[in-house]
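Have a look at my_file.tsv below; it lists TSV, C-alpha atoms (C1' of nucleotides).
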chain	number	residue	atom	x	y	z
A	10	MET	CA	0.00	0.00	0.00
A	11	ASP	CA	1.23	3.43	-0.95
A	12	ARG	CA	2.73	5.38	1.91
A	13	ARG	CA	0.42	8.30	1.11
A	14	GLN	CA	-2.66	6.13	1.32
A	15	LYS	CA	-1.60	4.73	4.66
A	16	LYS	CA	-0.98	8.22	6.00
A	17	THR	CA	-4.33	9.51	4.79
A	18	ARG	CA	-6.22	6.52	6.13
A	19	GLN	CA	-4.51	6.89	9.49
A	20	ALA	CA	-5.35	10.58	9.59
A	21	ILE	CA	-8.99	9.80	8.87
A	22	TYR	CA	-9.16	7.14	11.57
A	23	GLU	CA	-7.54	9.47	14.09
A	24	ALA	CA	-9.82	12.36	13.24
A	25	PHE	CA	-12.89	10.18	13.27
A	26	THR	CA	-12.25	8.45	16.59
A	27	GLY	CA	-11.20	11.75	18.09
A	28	LEU	CA	-14.47	13.30	17.05
A	29	LEU	CA	-16.36	10.34	18.49
A	30	GLU	CA	-15.13	11.38	21.92
A	31	GLU	CA	-16.62	14.82	21.46
A	32	LYS	CA	-19.91	14.34	19.66
A	33	THR	CA	-22.31	11.60	18.68
A	34	TYR	CA	-21.80	9.61	15.52
A	35	SER	CA	-24.80	11.09	13.74
A	36	ASN	CA	-23.69	14.61	14.54
A	37	ILE	CA	-20.29	14.07	12.98
A	38	THR	CA	-20.15	15.24	9.37
A	39	VAL	CA	-17.74	14.32	6.62
A	40	LYS	CA	-16.74	17.97	6.72
A	41	ASP	CA	-15.74	17.61	10.39
A	42	ILE	CA	-13.60	14.62	9.56
A	43	ILE	CA	-11.75	16.10	6.62
A	44	ASP	CA	-11.21	19.37	8.47
A	45	ARG	CA	-9.63	17.63	11.41
A	46	ALA	CA	-7.73	15.13	9.29
A	47	ASP	CA	-6.66	18.07	7.15
A	48	ILE	CA	-7.32	16.34	3.85
A	49	GLY	CA	-9.28	17.27	0.76
A	50	ARG	CA	-12.92	16.41	0.34
A	51	SER	CA	-12.30	14.29	-2.73
A	52	THR	CA	-9.55	12.44	-0.92
A	53	PHE	CA	-11.98	11.26	1.74
A	54	TYR	CA	-14.40	10.00	-0.87
A	55	SER	CA	-11.66	8.16	-2.72
A	56	HIS	CA	-11.08	6.16	0.46
A	57	PHE	CA	-14.62	5.66	1.77
A	58	GLU	CA	-17.95	5.88	0.04
A	59	THR	CA	-19.76	7.21	3.11
A	60	LYS	CA	-19.33	7.87	6.81
A	61	ASP	CA	-20.99	4.53	7.51
A	62	GLU	CA	-18.44	2.71	5.38
A	63	LEU	CA	-15.71	4.39	7.37
A	64	LEU	CA	-17.17	3.07	10.60
A	65	LYS	CA	-17.55	-0.38	9.11
A	66	ALA	CA	-13.95	-0.40	7.92
A	67	LEU	CA	-12.76	0.67	11.34
A	68	CYS	CA	-14.78	-2.04	13.04
A	69	SER	CA	-13.50	-4.66	10.63
A	70	ASP	CA	-9.94	-3.63	11.34
A	71	ILE	CA	-10.48	-4.11	15.05
A	72	PHE	CA	-12.33	-7.41	14.72
A	73	ASP	CA	-10.03	-8.96	12.17
A	74	HIS	CA	-7.25	-8.38	14.61
A	75	VAL	CA	-9.15	-9.73	17.59
A	76	PHE	CA	-10.81	-12.74	16.05
A	77	ALA	CA	-8.28	-13.78	13.44
A	78	GLU	CA	-6.90	-16.59	15.60
A	79	ASN	CA	-10.10	-17.55	17.36
A	80	LEU	CA	-12.12	-18.26	14.28
A	81	THR	CA	-9.52	-20.35	12.51
A	82	ARG	CA	-7.95	-22.11	15.44
A	83	GLU	CA	-8.51	-25.82	15.99
A	84	THR	CA	-10.89	-26.34	18.91
A	85	THR	CA	-8.67	-28.53	20.99
A	86	HIS	CA	-9.98	-29.89	24.26
A	87	ASP	CA	-7.78	-29.85	27.33
A	88	PHE	CA	-7.97	-31.99	30.47
A	89	SER	CA	-10.78	-30.14	32.19
A	90	GLY	CA	-12.94	-30.21	29.08
A	91	ARG	CA	-15.15	-27.73	27.33
A	92	GLU	CA	-15.65	-25.14	29.99
A	93	LYS	CA	-11.99	-24.44	30.50
A	94	ASN	CA	-11.62	-23.91	26.77
A	95	LEU	CA	-14.36	-21.32	26.73
A	96	GLU	CA	-12.85	-19.39	29.60
A	97	ASP	CA	-9.47	-19.39	27.90
A	98	GLU	CA	-10.97	-18.27	24.65
A	99	ILE	CA	-12.86	-15.46	26.32
A	100	THR	CA	-9.87	-14.28	28.28
A	101	HIS	CA	-7.89	-14.36	25.08
A	102	ILE	CA	-10.42	-12.21	23.26
A	103	LEU	CA	-10.53	-9.78	26.16
A	104	TYR	CA	-6.75	-9.40	26.04
A	105	HIS	CA	-6.96	-8.46	22.39
A	106	LEU	CA	-9.78	-6.00	22.98
A	107	LYS	CA	-7.81	-4.38	25.77
A	108	ASP	CA	-5.06	-3.62	23.27
A	109	SER	CA	-7.24	-1.79	20.81
A	110	SER	CA	-6.73	1.93	21.17
A	111	TYR	CA	-9.85	2.72	19.17
A	112	LEU	CA	-12.23	0.41	20.94
A	113	LYS	CA	-12.94	2.55	23.95
A	114	ARG	CA	-13.59	5.61	21.84
A	115	ILE	CA	-15.96	3.72	19.63
A	116	LEU	CA	-17.88	2.05	22.42
A	117	SER	CA	-18.40	5.03	24.65
A	118	CYS	CA	-20.88	6.78	22.43
A	119	GLU	CA	-23.83	6.41	20.16
A	120	SER	CA	-21.78	4.74	17.45
A	121	GLY	CA	-21.17	2.02	20.00
A	122	GLU	CA	-24.53	0.69	18.93
A	123	MET	CA	-23.33	0.19	15.38
A	124	PHE	CA	-20.12	-1.34	16.59
A	125	MET	CA	-22.08	-3.65	18.86
A	126	ARG	CA	-24.03	-4.97	15.91
A	127	PHE	CA	-20.88	-5.94	14.05
A	128	PHE	CA	-19.40	-7.29	17.23
A	129	LYS	CA	-22.40	-9.51	17.89
A	130	GLY	CA	-22.16	-10.89	14.39
A	131	TYR	CA	-18.68	-12.18	15.08
A	132	LEU	CA	-19.63	-13.45	18.53
A	133	GLU	CA	-22.45	-15.54	17.15
A	134	LYS	CA	-19.96	-17.66	15.27
A	135	ILE	CA	-18.04	-18.30	18.45
A	136	PHE	CA	-20.96	-19.11	20.73
A	137	GLU	CA	-22.92	-21.15	18.23
A	138	GLY	CA	-20.49	-24.03	18.57
A	139	GLU	CA	-20.47	-23.74	22.32
A	140	LEU	CA	-24.21	-23.84	22.45
A	141	GLU	CA	-24.58	-27.05	20.52
A	142	LYS	CA	-22.94	-28.94	23.35
A	143	THR	CA	-25.27	-27.46	25.97
A	144	LYS	CA	-28.45	-28.99	27.28
A	145	THR	CA	-31.10	-26.53	28.26
A	146	HIS	CA	-34.84	-26.09	28.70
A	147	VAL	CA	-34.94	-22.61	27.16
A	148	PRO	CA	-34.93	-22.19	23.37
A	149	LYS	CA	-31.49	-22.30	21.75
A	150	SER	CA	-32.37	-19.16	19.84
A	151	TYR	CA	-32.90	-17.37	23.12
A	152	LEU	CA	-29.74	-18.68	24.65
A	153	LEU	CA	-27.57	-17.71	21.71
A	154	HIS	CA	-29.00	-14.21	21.64
A	155	HIS	CA	-28.52	-14.03	25.39
A	156	MET	CA	-24.89	-15.15	25.30
A	157	VAL	CA	-23.92	-12.87	22.47
A	158	CYS	CA	-25.53	-9.79	23.97
A	159	ASP	CA	-24.26	-10.66	27.38
A	160	PHE	CA	-20.67	-10.86	26.25
A	161	ALA	CA	-20.83	-7.75	24.08
A	162	GLU	CA	-22.39	-5.80	26.93
A	163	THR	CA	-19.81	-7.14	29.33
A	164	VAL	CA	-17.10	-5.68	27.12
A	165	ARG	CA	-18.92	-2.39	26.97
A	166	TRP	CA	-19.16	-2.31	30.75
A	167	TRP	CA	-15.50	-3.21	31.02
A	168	MET	CA	-14.46	-0.22	28.92
A	169	ASN	CA	-15.86	1.98	31.68
A	170	HIS	CA	-14.33	-0.07	34.50
A	171	GLU	CA	-10.86	-0.80	33.23
A	172	SER	CA	-9.51	-1.53	36.67
A	173	TYR	CA	-10.46	-5.18	36.20
A	174	SER	CA	-8.22	-7.69	34.42
A	175	PRO	CA	-9.27	-9.81	31.45
A	176	GLU	CA	-9.25	-12.85	33.75
A	177	GLN	CA	-11.57	-11.19	36.23
A	178	VAL	CA	-13.96	-10.03	33.53
A	179	ALA	CA	-14.02	-13.49	31.96
A	180	CYS	CA	-14.92	-14.81	35.40
A	181	PHE	CA	-17.70	-12.26	35.89
A	182	PHE	CA	-19.09	-13.14	32.52
A	183	LEU	CA	-19.05	-16.89	33.04
A	184	SER	CA	-20.57	-16.58	36.51
A	185	THR	CA	-23.78	-15.28	34.96
A	186	THR	CA	-24.04	-17.79	32.12
A	187	PRO	CA	-26.14	-20.93	32.27
A	188	PHE	CA	-23.13	-23.06	31.28
A	189	GLN	CA	-21.48	-25.06	33.99
B	20	MET	CA	-55.67	18.72	24.00
B	21	ASP	CA	-57.04	20.08	20.74
B	22	ARG	CA	-58.51	17.50	18.43
B	23	ARG	CA	-56.32	18.78	15.60
B	24	GLN	CA	-53.19	18.40	17.65
B	25	LYS	CA	-54.08	14.85	18.56
B	26	LYS	CA	-54.77	14.00	14.93
B	27	THR	CA	-51.52	15.54	13.73
B	28	ARG	CA	-49.47	13.88	16.43
B	29	GLN	CA	-51.07	10.54	15.62
B	30	ALA	CA	-50.33	11.00	11.92
B	31	ILE	CA	-46.70	11.76	12.70
B	32	TYR	CA	-46.35	8.72	14.94
B	33	GLU	CA	-47.94	6.49	12.32
B	34	ALA	CA	-45.78	7.85	9.52
B	35	PHE	CA	-42.65	7.64	11.59
B	36	THR	CA	-43.11	4.10	12.86
B	37	GLY	CA	-44.21	3.02	9.41
B	38	LEU	CA	-41.02	4.41	7.93
B	39	LEU	CA	-38.99	2.66	10.61
B	40	GLU	CA	-40.12	-0.62	9.14
B	41	GLU	CA	-38.74	0.37	5.75
B	42	LYS	CA	-35.51	2.22	6.40
B	43	THR	CA	-33.07	2.90	9.18
B	44	TYR	CA	-33.65	5.72	11.62
B	45	SER	CA	-30.77	7.82	10.37
B	46	ASN	CA	-31.93	7.49	6.78
B	47	ILE	CA	-35.39	8.80	7.59
B	48	THR	CA	-35.70	12.52	6.95
B	49	VAL	CA	-38.18	14.99	8.32
B	50	LYS	CA	-39.29	15.36	4.73
B	51	ASP	CA	-40.14	11.65	4.57
B	52	ILE	CA	-42.22	11.96	7.71
B	53	ILE	CA	-44.23	15.00	6.70
B	54	ASP	CA	-44.79	13.60	3.21
B	55	ARG	CA	-46.21	10.38	4.57
B	56	ALA	CA	-48.13	12.05	7.37
B	57	ASP	CA	-49.36	14.54	4.81
B	58	ILE	CA	-48.77	17.58	6.98
B	59	GLY	CA	-46.96	20.85	6.46
B	60	ARG	CA	-43.32	21.28	7.28
B	61	SER	CA	-44.00	24.01	9.82
B	62	THR	CA	-46.61	21.83	11.47
B	63	PHE	CA	-44.04	19.16	12.20
B	64	TYR	CA	-41.68	21.66	13.74
B	65	SER	CA	-44.43	23.12	15.89
B	66	HIS	CA	-44.82	19.66	17.45
B	67	PHE	CA	-41.23	18.47	17.67
B	68	GLU	CA	-37.98	20.34	17.63
B	69	THR	CA	-36.10	17.58	15.83
B	70	LYS	CA	-36.41	13.99	14.66
B	71	ASP	CA	-34.62	12.89	17.82
B	72	GLU	CA	-37.19	14.63	19.99
B	73	LEU	CA	-39.90	12.78	18.12
B	74	LEU	CA	-38.28	9.46	18.91
B	75	LYS	CA	-37.85	10.47	22.55
B	76	ALA	CA	-41.49	11.48	22.82
B	77	LEU	CA	-42.59	8.20	21.30
B	78	CYS	CA	-40.40	6.21	23.68
B	79	SER	CA	-41.70	8.17	26.66
B	80	ASP	CA	-45.26	7.48	25.62
B	81	ILE	CA	-44.56	3.77	25.55
B	82	PHE	CA	-42.64	3.70	28.82
B	83	ASP	CA	-44.95	5.91	30.79
B	84	HIS	CA	-47.68	3.48	29.97
B	85	VAL	CA	-45.65	0.40	30.82
B	86	PHE	CA	-43.91	1.54	33.96
B	87	ALA	CA	-46.47	3.89	35.46
B	88	GLU	CA	-47.68	1.31	37.96
B	89	ASN	CA	-44.42	-0.50	38.53
B	90	LEU	CA	-42.44	2.52	39.63
B	91	THR	CA	-44.97	3.86	42.05
B	92	ARG	CA	-46.41	0.66	43.40
B	93	GLU	CA	-45.72	-0.42	46.97
B	94	THR	CA	-43.26	-3.31	46.98
B	95	THR	CA	-45.34	-5.77	48.91
B	96	HIS	CA	-43.91	-9.17	49.68
B	97	ASP	CA	-46.03	-12.25	49.23
B	98	PHE	CA	-45.67	-15.65	50.89
B	99	SER	CA	-42.87	-16.99	48.73
B	100	GLY	CA	-40.78	-13.86	49.22
B	101	ARG	CA	-38.68	-11.67	46.95
B	102	GLU	CA	-38.18	-13.89	43.96
B	103	LYS	CA	-41.85	-14.44	43.34
B	104	ASN	CA	-42.37	-10.69	43.36
B	105	LEU	CA	-39.74	-10.15	40.74
B	106	GLU	CA	-41.23	-12.76	38.46
B	107	ASP	CA	-44.65	-11.19	38.81
B	108	GLU	CA	-43.29	-7.77	38.15
B	109	ILE	CA	-41.45	-8.94	35.06
B	110	THR	CA	-44.42	-10.82	33.71
B	111	HIS	CA	-46.50	-7.75	34.32
B	112	ILE	CA	-44.11	-5.52	32.36
B	113	LEU	CA	-44.01	-8.03	29.53
B	114	TYR	CA	-47.79	-8.00	29.28
B	115	HIS	CA	-47.73	-4.25	28.90
B	116	LEU	CA	-44.98	-4.36	26.28
B	117	LYS	CA	-46.92	-6.95	24.34
B	118	ASP	CA	-49.77	-4.46	24.01
B	119	SER	CA	-47.72	-1.68	22.49
B	120	SER	CA	-48.32	-1.53	18.78
B	121	TYR	CA	-45.29	0.66	18.19
B	122	LEU	CA	-42.81	-1.36	20.16
B	123	LYS	CA	-42.06	-3.99	17.58
B	124	ARG	CA	-41.59	-1.46	14.83
B	125	ILE	CA	-39.19	0.52	16.95
B	126	LEU	CA	-37.18	-2.42	18.17
B	127	SER	CA	-36.71	-4.18	14.89
B	128	CYS	CA	-34.42	-1.60	13.37
B	129	GLU	CA	-31.47	0.62	13.93
B	130	SER	CA	-33.39	3.07	16.09
B	131	GLY	CA	-33.94	0.14	18.41
B	132	GLU	CA	-30.58	1.08	19.82
B	133	MET	CA	-31.84	4.50	20.82
B	134	PHE	CA	-34.97	3.00	22.25
B	135	MET	CA	-32.90	0.51	24.17
B	136	ARG	CA	-31.01	3.31	25.86
B	137	PHE	CA	-34.20	4.88	27.18
B	138	PHE	CA	-35.52	1.47	28.07
B	139	LYS	CA	-32.44	0.63	30.09
B	140	GLY	CA	-32.73	3.88	31.97
B	141	TYR	CA	-36.12	2.85	33.26
B	142	LEU	CA	-35.02	-0.69	33.98
B	143	GLU	CA	-32.17	0.46	36.15
B	144	LYS	CA	-34.63	1.92	38.62
B	145	ILE	CA	-36.42	-1.39	38.83
B	146	PHE	CA	-33.40	-3.65	39.20
B	147	GLU	CA	-31.46	-1.38	41.54
B	148	GLY	CA	-33.75	-2.24	44.41
B	149	GLU	CA	-33.66	-5.92	43.59
B	150	LEU	CA	-29.91	-5.89	43.52
B	151	GLU	CA	-29.48	-4.43	46.99
B	152	LYS	CA	-30.95	-7.58	48.49
B	153	THR	CA	-28.60	-9.85	46.55
B	154	LYS	CA	-25.32	-11.24	47.78
B	155	THR	CA	-22.74	-11.74	45.08
B	156	HIS	CA	-19.01	-11.97	44.46
B	157	VAL	CA	-19.08	-9.95	41.25
B	158	PRO	CA	-19.24	-6.13	41.37
B	159	LYS	CA	-22.74	-4.68	41.84
B	160	SER	CA	-22.04	-2.30	39.00
B	161	TYR	CA	-21.45	-5.27	36.72
B	162	LEU	CA	-24.52	-7.10	37.89
B	163	LEU	CA	-26.82	-4.13	37.44
B	164	HIS	CA	-25.54	-3.50	33.94
B	165	HIS	CA	-25.90	-7.19	33.23
B	166	MET	CA	-29.48	-7.43	34.47
B	167	VAL	CA	-30.63	-4.33	32.66
B	168	CYS	CA	-29.09	-5.30	29.34
B	169	ASP	CA	-30.21	-8.86	29.73
B	170	PHE	CA	-33.82	-7.90	30.22
B	171	ALA	CA	-33.87	-5.31	27.45
B	172	GLU	CA	-32.28	-7.79	25.06
B	173	THR	CA	-34.74	-10.44	26.12
B	174	VAL	CA	-37.56	-8.14	25.09
B	175	ARG	CA	-35.87	-7.45	21.80
B	176	TRP	CA	-35.51	-11.16	21.16
B	177	TRP	CA	-39.13	-11.70	22.12
B	178	MET	CA	-40.35	-9.21	19.53
B	179	ASN	CA	-38.94	-11.56	16.89
B	180	HIS	CA	-40.31	-14.70	18.56
B	181	GLU	CA	-43.78	-13.69	19.57
B	182	SER	CA	-44.99	-17.25	19.84
B	183	TYR	CA	-43.92	-17.28	23.48
B	184	SER	CA	-46.12	-15.99	26.30
B	185	PRO	CA	-45.09	-13.32	28.81
B	186	GLU	CA	-44.93	-16.02	31.47
B	187	GLN	CA	-42.58	-18.14	29.39
B	188	VAL	CA	-40.33	-15.22	28.56
B	189	ALA	CA	-40.17	-14.18	32.22
B	190	CYS	CA	-39.13	-17.73	32.97
B	191	PHE	CA	-36.42	-17.73	30.29
B	192	PHE	CA	-35.11	-14.48	31.62
B	193	LEU	CA	-34.99	-15.53	35.24
B	194	SER	CA	-33.37	-18.84	34.40
B	195	THR	CA	-30.27	-17.01	33.23
B	196	THR	CA	-30.01	-14.58	36.13
B	197	PRO	CA	-27.77	-15.09	39.13
B	198	PHE	CA	-30.73	-14.57	41.50
B	199	GLN	CA	-32.22	-17.58	43.17
C	30	DA	C1'	-74.69	30.34	16.20
C	31	DT	C1'	-71.01	33.40	17.09
C	32	DC	C1'	-66.43	34.56	17.78
C	33	DA	C1'	-61.94	34.74	19.77
C	34	DT	C1'	-58.37	31.41	19.98
C	35	DA	C1'	-55.25	28.37	18.37
C	36	DA	C1'	-53.64	25.12	14.83
C	37	DA	C1'	-52.43	23.91	10.19
C	38	DT	C1'	-50.89	25.61	5.77
C	39	DG	C1'	-47.65	26.62	2.08
C	40	DA	C1'	-44.28	29.22	0.16
C	41	DA	C1'	-40.00	31.12	0.69
C	42	DC	C1'	-35.51	31.52	2.88
C	43	DA	C1'	-30.53	31.10	4.21
C	44	DG	C1'	-27.45	27.84	5.68
C	45	DA	C1'	-25.14	23.47	5.80
C	46	DG	C1'	-23.87	19.07	4.21
C	47	DT	C1'	-23.51	15.62	0.43
C	48	DG	C1'	-21.32	13.30	-3.23
C	49	DT	C1'	-19.25	14.11	-7.80
C	50	DT	C1'	-16.21	16.01	-11.34
C	51	DC	C1'	-11.94	17.47	-13.30
C	52	DG	C1'	-7.72	19.82	-14.18
C	53	DT	C1'	-3.55	20.58	-11.41
C	54	DT	C1'	0.07	19.60	-8.20
C	55	DA	C1'	2.86	16.59	-5.32
C	56	DT	C1'	4.74	12.38	-3.91
C	57	DG	C1'	6.16	7.88	-3.84
C	58	DT	C1'	7.93	3.65	-6.77
C	59	DG	C1'	10.61	1.01	-10.09
D	9	DC	C1'	14.84	10.05	-13.95
D	10	DA	C1'	10.13	9.05	-15.50
D	11	DC	C1'	5.90	7.10	-14.82
D	12	DA	C1'	1.99	6.15	-12.12
D	13	DT	C1'	-1.00	7.41	-8.78
D	14	DA	C1'	-2.55	9.84	-4.77
D	15	DA	C1'	-3.90	14.22	-2.89
D	16	DC	C1'	-5.60	18.75	-3.84
D	17	DG	C1'	-9.13	22.31	-4.29
D	18	DA	C1'	-12.50	24.63	-6.48
D	19	DA	C1'	-16.81	24.22	-8.41
D	20	DC	C1'	-21.11	21.84	-9.10
D	21	DA	C1'	-26.10	20.46	-8.46
D	22	DC	C1'	-28.63	18.47	-5.10
D	23	DT	C1'	-31.04	17.52	-0.70
D	24	DC	C1'	-32.28	18.44	3.87
D	25	DT	C1'	-32.74	21.55	7.73
D	26	DG	C1'	-34.97	24.76	10.64
D	27	DT	C1'	-37.22	29.25	10.61
D	28	DT	C1'	-40.43	32.92	9.27
D	29	DC	C1'	-44.82	34.87	8.13
D	30	DA	C1'	-49.05	35.93	6.10
D	31	DT	C1'	-53.19	33.17	5.25
D	32	DT	C1'	-56.73	29.74	5.85
D	33	DT	C1'	-59.21	26.52	8.59
D	34	DA	C1'	-60.98	24.12	12.62
D	35	DT	C1'	-62.08	24.17	17.59
D	36	DG	C1'	-64.27	24.96	22.04
D	37	DA	C1'	-66.41	28.19	25.11
D	38	DT	C1'	-70.10	31.26	25.70
Can you give me the file's structure in the form of structure tokens?
Amino acid sequence: MDRRQKKTRQAIYEAFTGLLEEKTYSNITVKDIIDRADIGRSTFYSHFETKDELLKALCSDIFDHVFAENLTRETTHDFSGREKNLEDEITHILYHLKDSSYLKRILSCESGEMFMRFFKGYLEKIFEGELEKTKTHVPKSYLLHHMVCDFAETVRWWMNHESYSPEQVACFFLSTTPFQ
Amino acid sequence: MDRRQKKTRQAIYEAFTGLLEEKTYSNITVKDIIDRADIGRSTFYSHFETKDELLKALCSDIFDHVFAENLTRETTHDFSGREKNLEDEITHILYHLKDSSYLKRILSCESGEMFMRFFKGYLEKIFEGELEKTKTHVPKSYLLHHMVCDFAETVRWWMNHESYSPEQVACFFLSTTPFQ
DNA sequence: ATCATAAATGAACAGAGTGTTCGTTATGTG
DNA sequence: CACATAACGAACACTCTGTTCATTTATGAT
């Protein structure tokens, strides 16, 4: 990728996430972004079709980084079985999320809702497998929705209570799940 | 309230919620609303300052109806104690939500996120009291956030699986909470 | 039924943002 | 160096916003 493109893209991301700390997503205009990023109008549109596409691209960047290993990795079982695997996996994801400098900015505002939707999409893939192994008297559809939302919301809560470690948060999360 | 005002307000609500079924909240313009409601531009603005205020007003209408009794009612304890009360209260709220014709339209789209924020605000008041009586090893802040999101998301799920009764949904919800 | 009150109307307005175009300039790459 | 390509910036038509105001219409109280 051309050095100029990288620089421009970076400037847009910085400007955008910076603005997200100051105003809501819907109140941010393309004009705001290009003014802060100090780039030309046509340059912005040569990178992203719309503001929404920008947000999507940013989310994808974060998720691809976080979930790259988890989605491809062989689901090996260790001595203590399934549950231990899930806790490890969750802790692992939380460590990755902790590293993302953009995540907190994105989650702590209205655009968090859009992020959450993408986030939940990825999470479904992870929990679906877990759910198949679980016996329950409530509908699977309910349980999957519950797990996905629960985890995503746990992360959102965590971003406002960063004093806790990934291990602690994983523990909090699992203590309220119907898995055992 | 003047008959004309009521009629206009109703037309706006109808147009707005109808549009919500077709496009996302942010893609709906004031122009869309007044065209469908068949009212003048200035009439809209004499009722609501902005599109956001319209959504807020609509949410308030729904909530005031649903929570009016719950928030003021004396928290009497029956024979089986606290837990039974909570289940009753939840079932009761679910019955009210089931009656709202606008709720499904609002929840099944992007603006659902905005609705959810208002919704959660009300729910916090309800669960805060419940939480005080609960002993737990996870932070209260986490548990409150968890309960509130969990319930709101349960309702959202329910709107897409209406085959279940309020009693059943209350049961699903309580089966995944750390209360006992 | 009358009449003052209040609501709805519609046209017009400035202002702001959008998304596109295109010729020019500058910056990396081979 | 020379070529390719990215960024620039000015201009464009377009849409939406939120406000104003003079006019018409409906309402509720008497």
Exercise for the section: Record the distance separating CA of His155 (chain A) and CA of Leu95 (chain A), expressed in Å with one decimal. Expected result: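 According to the coordinates, CA of His155 (chain A) and CA of Leu95 (chain A) are separated by 16.0 Å.
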What are the nearest atom pairs, with distances in Å to one decimal, for all residues of chain B that come at most 7 Å from chain C, using only C-alpha atoms (C1' of nucleotides), set out by chain and rising residue number as CSV?
residue,atom,partner,partner_atom,distance
B:Arg23,CA,C:DA36,C1',6.9
B:Gly59,CA,C:DT38,C1',6.2
B:Thr62,CA,C:DA37,C1',6.3
Problem - Two-atom distance - CA of Gly140 (chain B), CA of Ala179 (chain A) (Å) - result: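 It comes out at 25.5 Å.
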Please report, as JSON lines, each residue of chain B lying at most 9 Å from chain A, together with the nearest pair of atoms and the separation in Å rounded to one decimal; use only C-alpha atoms, and order rows by chain and ascending residue number.
{"residue": "B:Ser45", "atom": "CA", "partner": "A:Ser35", "partner_atom": "CA", "distance": 7.6}
{"residue": "B:Glu129", "atom": "CA", "partner": "A:Met123", "partner_atom": "CA", "distance": 8.3}
{"residue": "B:Glu132", "atom": "CA", "partner": "A:Glu122", "partner_atom": "CA", "distance": 6.1}
{"residue": "B:Met133", "atom": "CA", "partner": "A:Glu119", "partner_atom": "CA", "distance": 8.3}
{"residue": "B:His156", "atom": "CA", "partner": "A:Phe181", "partner_atom": "CA", "distance": 8.7}
{"residue": "B:Val157", "atom": "CA", "partner": "A:Phe181", "partner_atom": "CA", "distance": 6.0}
{"residue": "B:Pro158", "atom": "CA", "partner": "A:Phe181", "partner_atom": "CA", "distance": 8.4}
{"residue": "B:Ser160", "atom": "CA", "partner": "A:Trp166", "partner_atom": "CA", "distance": 8.7}
{"residue": "B:Tyr161", "atom": "CA", "partner": "A:Trp166", "partner_atom": "CA", "distance": 7.0}
{"residue": "B:Leu162", "atom": "CA", "partner": "A:Thr185", "partner_atom": "CA", "distance": 8.7}
{"residue": "B:His164", "atom": "CA", "partner": "A:Trp166", "partner_atom": "CA", "distance": 7.2}
{"residue": "B:His165", "atom": "CA", "partner": "A:Asp159", "partner_atom": "CA", "distance": 7.0}
{"residue": "B:Cys168", "atom": "CA", "partner": "A:Glu162", "partner_atom": "CA", "distance": 7.1}
{"residue": "B:Asp169", "atom": "CA", "partner": "A:Asp159", "partner_atom": "CA", "distance": 6.6}
{"residue": "B:Glu172", "atom": "CA", "partner": "A:Cys158", "partner_atom": "CA", "distance": 7.1}
{"residue": "B:Thr173", "atom": "CA", "partner": "A:His155", "partner_atom": "CA", "distance": 7.2}
{"residue": "B:Trp176", "atom": "CA", "partner": "A:Tyr151", "partner_atom": "CA", "distance": 7.0}
{"residue": "B:Trp177", "atom": "CA", "partner": "A:Tyr151", "partner_atom": "CA", "distance": 8.5}
{"residue": "B:Cys190", "atom": "CA", "partner": "A:Val147", "partner_atom": "CA", "distance": 8.7}
{"residue": "B:Phe191", "atom": "CA", "partner": "A:Val147", "partner_atom": "CA", "distance": 6.0}
{"residue": "B:Ser194", "atom": "CA", "partner": "A:Pro187", "partner_atom": "CA", "distance": 7.8}
{"residue": "B:Thr195", "atom": "CA", "partner": "A:Pro187", "partner_atom": "CA", "distance": 5.8}
{"residue": "B:Thr196", "atom": "CA", "partner": "A:Thr185", "partner_atom": "CA", "distance": 6.4}
{"residue": "B:Pro197", "atom": "CA", "partner": "A:Thr185", "partner_atom": "CA", "distance": 5.8}
Practice task
Would you kindly report the residues of chain D within 12 Å of chain A, using only C-alpha atoms (C1' of nucleotides), as a list in words?
Solution key: DA12, DT13, DA14, DA15, DC16, DG17 and DA18 of chain D
Could you take the residues named above and write them with C-alpha atoms (C1' of nucleotides), as a short mmCIF file (atom, residue, chain, number, x, y, z; two decimals), in the frame of the given file?
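The resulting file, result-v4.cif, is reproduced below:
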data_model
loop_
_atom_site.label_atom_id
_atom_site.label_comp_id
_atom_site.auth_asym_id
_atom_site.auth_seq_id
_atom_site.Cartn_x
_atom_site.Cartn_y
_atom_site.Cartn_z
"C1'" DA D 12 1.99 6.15 -12.12
"C1'" DT D 13 -1.00 7.41 -8.78
"C1'" DA D 14 -2.55 9.84 -4.77
"C1'" DA D 15 -3.90 14.22 -2.89
"C1'" DC D 16 -5.60 18.75 -3.84
"C1'" DG D 17 -9.13 22.31 -4.29
"C1'" DA D 18 -12.50 24.63 -6.48
#
Problem - Atom-to-atom span, CA of Ile37 (chain A) and CA of Asp108 (chain A), Å - result: 25.5 Å
Practice task
Mind checking which residues fall within 10 Å of Thr153 (chain B), counting all atoms listed in the file, ignoring those fewer than 2 positions away in the same chain, and posting them as a list of chain:residue names?
Solution key: B:Gly148, B:Glu149, B:Leu150, B:Glu151, B:Thr155, B:Lys159, B:Leu162, B:Pro197, B:Phe198, B:Gln199
